[in-house]
Amino acid sequence: MSDPIDEMGPIDYVVIEFPGNRMTGEAFPLLLDLVDRGLIRILDLTFVRKDADGSVAGLEIADLTAEGLGELEVFQGASSGLLGEDDLADAAAVLEPGSSAAVLVYENLWAAPLAVAVRRGGGRLVASGRIPVQAVLASLDAGEPGPR
């Protein structure tokens with residue numbers, strides 16, 4: 001029997017801030033579509049709120065569905081145990097007061113075959129990162145050569 005790590009894709013996380021605690025739910029059907037198409041697997045999805053006075057509280061999906069964000073019910077119980085209280089505190093630390101955030105941990109299923117092949121070939125990931133969209137757009141606006 002193979003070790004689960006032999007089959008896993010890269011794991012990423014994002015913290016998505018909603019200024020003024022205005023979460024419309026517009027992106028959730030798109031997130032569900034990524035899951036349904038087998039591109040990602042949600043490992044953790046949780047929410048935090050930072051009040052105007054800087055105090056932080058976790059939000060339950062049930063709290064958000066009561067506010068009309070019913071699409072979230074499908075993610076109820078998405079918790080792998082990877083996120084701890086310290087991770088949520090770190091996420092809340094980057095929020096502006098009066099904002100809330102979704103904290104999402106997901107596996108990139110689309111990249112799993114490549115990751116598996118790299119590991120089988122003796123390779124290992126030694127660095128990773130993300131280029132902010134603003135930096136790409138600034139580079140394109142400046143006329144710098146982009147990726148080919």
# chains A, B, ... in the order shown; residues from 1 in each chain; ligands from 1
>>> residues_around(residues="Leu88 of chain A", least_positions_apart="4", cutoff="10 Å", atoms="only C-alpha atoms", output="ChimeraX atom specification")
/A:15,46-48,56-58,83-84,92-93,101,103
>>> residues_around(residues="Arg22 of chain A", least_positions_apart="5", cutoff="10 Å", atoms="only C-alpha atoms", output="PyMOL selection string")
chain A and resi 17+98-101
>>> write_last_selection(atoms="all heavy atoms", output="short mmCIF file (atom, residue, chain, number, x, y, z; two decimals), in the first residue's frame")
data_model
loop_
_atom_site.label_atom_id
_atom_site.label_comp_id
_atom_site.auth_asym_id
_atom_site.auth_seq_id
_atom_site.Cartn_x
_atom_site.Cartn_y
_atom_site.Cartn_z
N GLU A 17 -9.63 38.69 2.57
CA GLU A 17 -10.26 39.69 3.43
C GLU A 17 -11.50 40.28 2.77
O GLU A 17 -11.52 40.52 1.55
CB GLU A 17 -9.27 40.81 3.72
CG GLU A 17 -9.82 41.89 4.63
CD GLU A 17 -8.81 42.99 4.89
OE1 GLU A 17 -8.20 43.49 3.92
OE2 GLU A 17 -8.63 43.35 6.06
N GLY A 98 -12.63 45.84 11.52
CA GLY A 98 -13.93 45.94 10.86
C GLY A 98 -14.04 45.06 9.63
O GLY A 98 -14.91 45.28 8.79
N SER A 99 -13.17 44.07 9.52
CA SER A 99 -13.17 43.17 8.37
C SER A 99 -13.32 41.73 8.82
O SER A 99 -13.11 41.39 9.98
CB SER A 99 -11.85 43.30 7.58
OG SER A 99 -11.73 44.58 7.02
N SER A 100 -13.68 40.90 7.88
CA SER A 100 -13.71 39.46 8.12
C SER A 100 -12.90 38.79 7.02
O SER A 100 -12.54 39.43 6.03
CB SER A 100 -15.15 38.94 8.14
OG SER A 100 -15.81 39.27 6.94
N ALA A 101 -12.61 37.51 7.21
CA ALA A 101 -11.80 36.80 6.22
C ALA A 101 -12.18 35.34 6.17
O ALA A 101 -12.59 34.74 7.16
CB ALA A 101 -10.31 36.93 6.55
#
>>> select_by_dssp(residues="chain A", states="alpha helix (DSSP H)", output="VMD selection string")
chain A and resid 28 to 36 61 to 65 85 to 93 112 to 120 133 to 141
>>> select_by_dssp(residues="segment 45-142 of chain A", states="strand (DSSP E or B)", output="ChimeraX atom specification")
/A:45-50,56-59,99-108
>>> write_last_selection(atoms="N, CA and C atoms", output="PDB file, in the first residue's frame")
ATOM      1  N   LEU A  45     -11.623  25.174   5.709  1.00  0.00           N
ATOM      2  CA  LEU A  45     -12.252  26.452   5.403  1.00  0.00           C
ATOM      3  C   LEU A  45     -12.840  26.969   6.700  1.00  0.00           C
ATOM      4  N   THR A  46     -12.338  28.121   7.110  1.00  0.00           N
ATOM      5  CA  THR A  46     -12.841  28.740   8.334  1.00  0.00           C
ATOM      6  C   THR A  46     -12.883  30.250   8.129  1.00  0.00           C
ATOM      7  N   PHE A  47     -13.536  30.920   9.031  1.00  0.00           N
ATOM      8  CA  PHE A  47     -13.731  32.359   8.899  1.00  0.00           C
ATOM      9  C   PHE A  47     -13.393  33.047  10.213  1.00  0.00           C
ATOM     10  N   VAL A  48     -12.817  34.238  10.095  1.00  0.00           N
ATOM     11  CA  VAL A  48     -12.504  35.047  11.268  1.00  0.00           C
ATOM     12  C   VAL A  48     -13.014  36.461  11.032  1.00  0.00           C
ATOM     13  N   ARG A  49     -13.284  37.155  12.136  1.00  0.00           N
ATOM     14  CA  ARG A  49     -13.738  38.547  12.086  1.00  0.00           C
ATOM     15  C   ARG A  49     -12.865  39.355  13.028  1.00  0.00           C
ATOM     16  N   LYS A  50     -12.467  40.539  12.572  1.00  0.00           N
ATOM     17  CA  LYS A  50     -11.715  41.464  13.413  1.00  0.00           C
ATOM     18  C   LYS A  50     -12.573  42.704  13.603  1.00  0.00           C
ATOM     19  N   VAL A  56     -10.780  39.724  18.020  1.00  0.00           N
ATOM     20  CA  VAL A  56     -10.907  38.725  16.959  1.00  0.00           C
ATOM     21  C   VAL A  56     -11.838  37.617  17.418  1.00  0.00           C
ATOM     22  N   ALA A  57     -12.677  37.155  16.505  1.00  0.00           N
ATOM     23  CA  ALA A  57     -13.575  36.044  16.797  1.00  0.00           C
ATOM     24  C   ALA A  57     -13.673  35.146  15.575  1.00  0.00           C
ATOM     25  N   GLY A  58     -13.802  33.867  15.820  1.00  0.00           N
ATOM     26  CA  GLY A  58     -14.060  32.927  14.739  1.00  0.00           C
ATOM     27  C   GLY A  58     -15.520  32.987  14.350  1.00  0.00           C
ATOM     28  N   LEU A  59     -15.801  32.688  13.107  1.00  0.00           N
ATOM     29  CA  LEU A  59     -17.175  32.638  12.617  1.00  0.00           C
ATOM     30  C   LEU A  59     -17.468  31.218  12.171  1.00  0.00           C
ATOM     31  N   SER A  99     -13.167  44.069   9.516  1.00  0.00           N
ATOM     32  CA  SER A  99     -13.172  43.174   8.368  1.00  0.00           C
ATOM     33  C   SER A  99     -13.325  41.731   8.817  1.00  0.00           C
ATOM     34  N   SER A 100     -13.684  40.898   7.879  1.00  0.00           N
ATOM     35  CA  SER A 100     -13.712  39.460   8.115  1.00  0.00           C
ATOM     36  C   SER A 100     -12.904  38.795   7.017  1.00  0.00           C
ATOM     37  N   ALA A 101     -12.606  37.510   7.205  1.00  0.00           N
ATOM     38  CA  ALA A 101     -11.796  36.801   6.217  1.00  0.00           C
ATOM     39  C   ALA A 101     -12.175  35.338   6.168  1.00  0.00           C
ATOM     40  N   ALA A 102     -12.004  34.777   4.990  1.00  0.00           N
ATOM     41  CA  ALA A 102     -12.064  33.334   4.789  1.00  0.00           C
ATOM     42  C   ALA A 102     -10.628  32.842   4.794  1.00  0.00           C
ATOM     43  N   VAL A 103     -10.375  31.779   5.526  1.00  0.00           N
ATOM     44  CA  VAL A 103      -9.059  31.142   5.545  1.00  0.00           C
ATOM     45  C   VAL A 103      -9.253  29.770   4.918  1.00  0.00           C
ATOM     46  N   LEU A 104      -8.591  29.560   3.786  1.00  0.00           N
ATOM     47  CA  LEU A 104      -8.806  28.372   2.982  1.00  0.00           C
ATOM     48  C   LEU A 104      -7.493  27.631   2.782  1.00  0.00           C
ATOM     49  N   VAL A 105      -7.490  26.328   3.087  1.00  0.00           N
ATOM     50  CA  VAL A 105      -6.352  25.453   2.810  1.00  0.00           C
ATOM     51  C   VAL A 105      -6.851  24.428   1.802  1.00  0.00           C
ATOM     52  N   TYR A 106      -6.110  24.275   0.702  1.00  0.00           N
ATOM     53  CA  TYR A 106      -6.578  23.375  -0.353  1.00  0.00           C
ATOM     54  C   TYR A 106      -5.418  22.635  -1.002  1.00  0.00           C
ATOM     55  N   GLU A 107      -5.745  21.449  -1.493  1.00  0.00           N
ATOM     56  CA  GLU A 107      -4.785  20.646  -2.249  1.00  0.00           C
ATOM     57  C   GLU A 107      -5.012  20.917  -3.727  1.00  0.00           C
ATOM     58  N   ASN A 108      -3.935  21.125  -4.453  1.00  0.00           N
ATOM     59  CA  ASN A 108      -3.994  21.332  -5.896  1.00  0.00           C
ATOM     60  C   ASN A 108      -4.010  19.963  -6.582  1.00  0.00           C
TER      61      ASN A 108
END
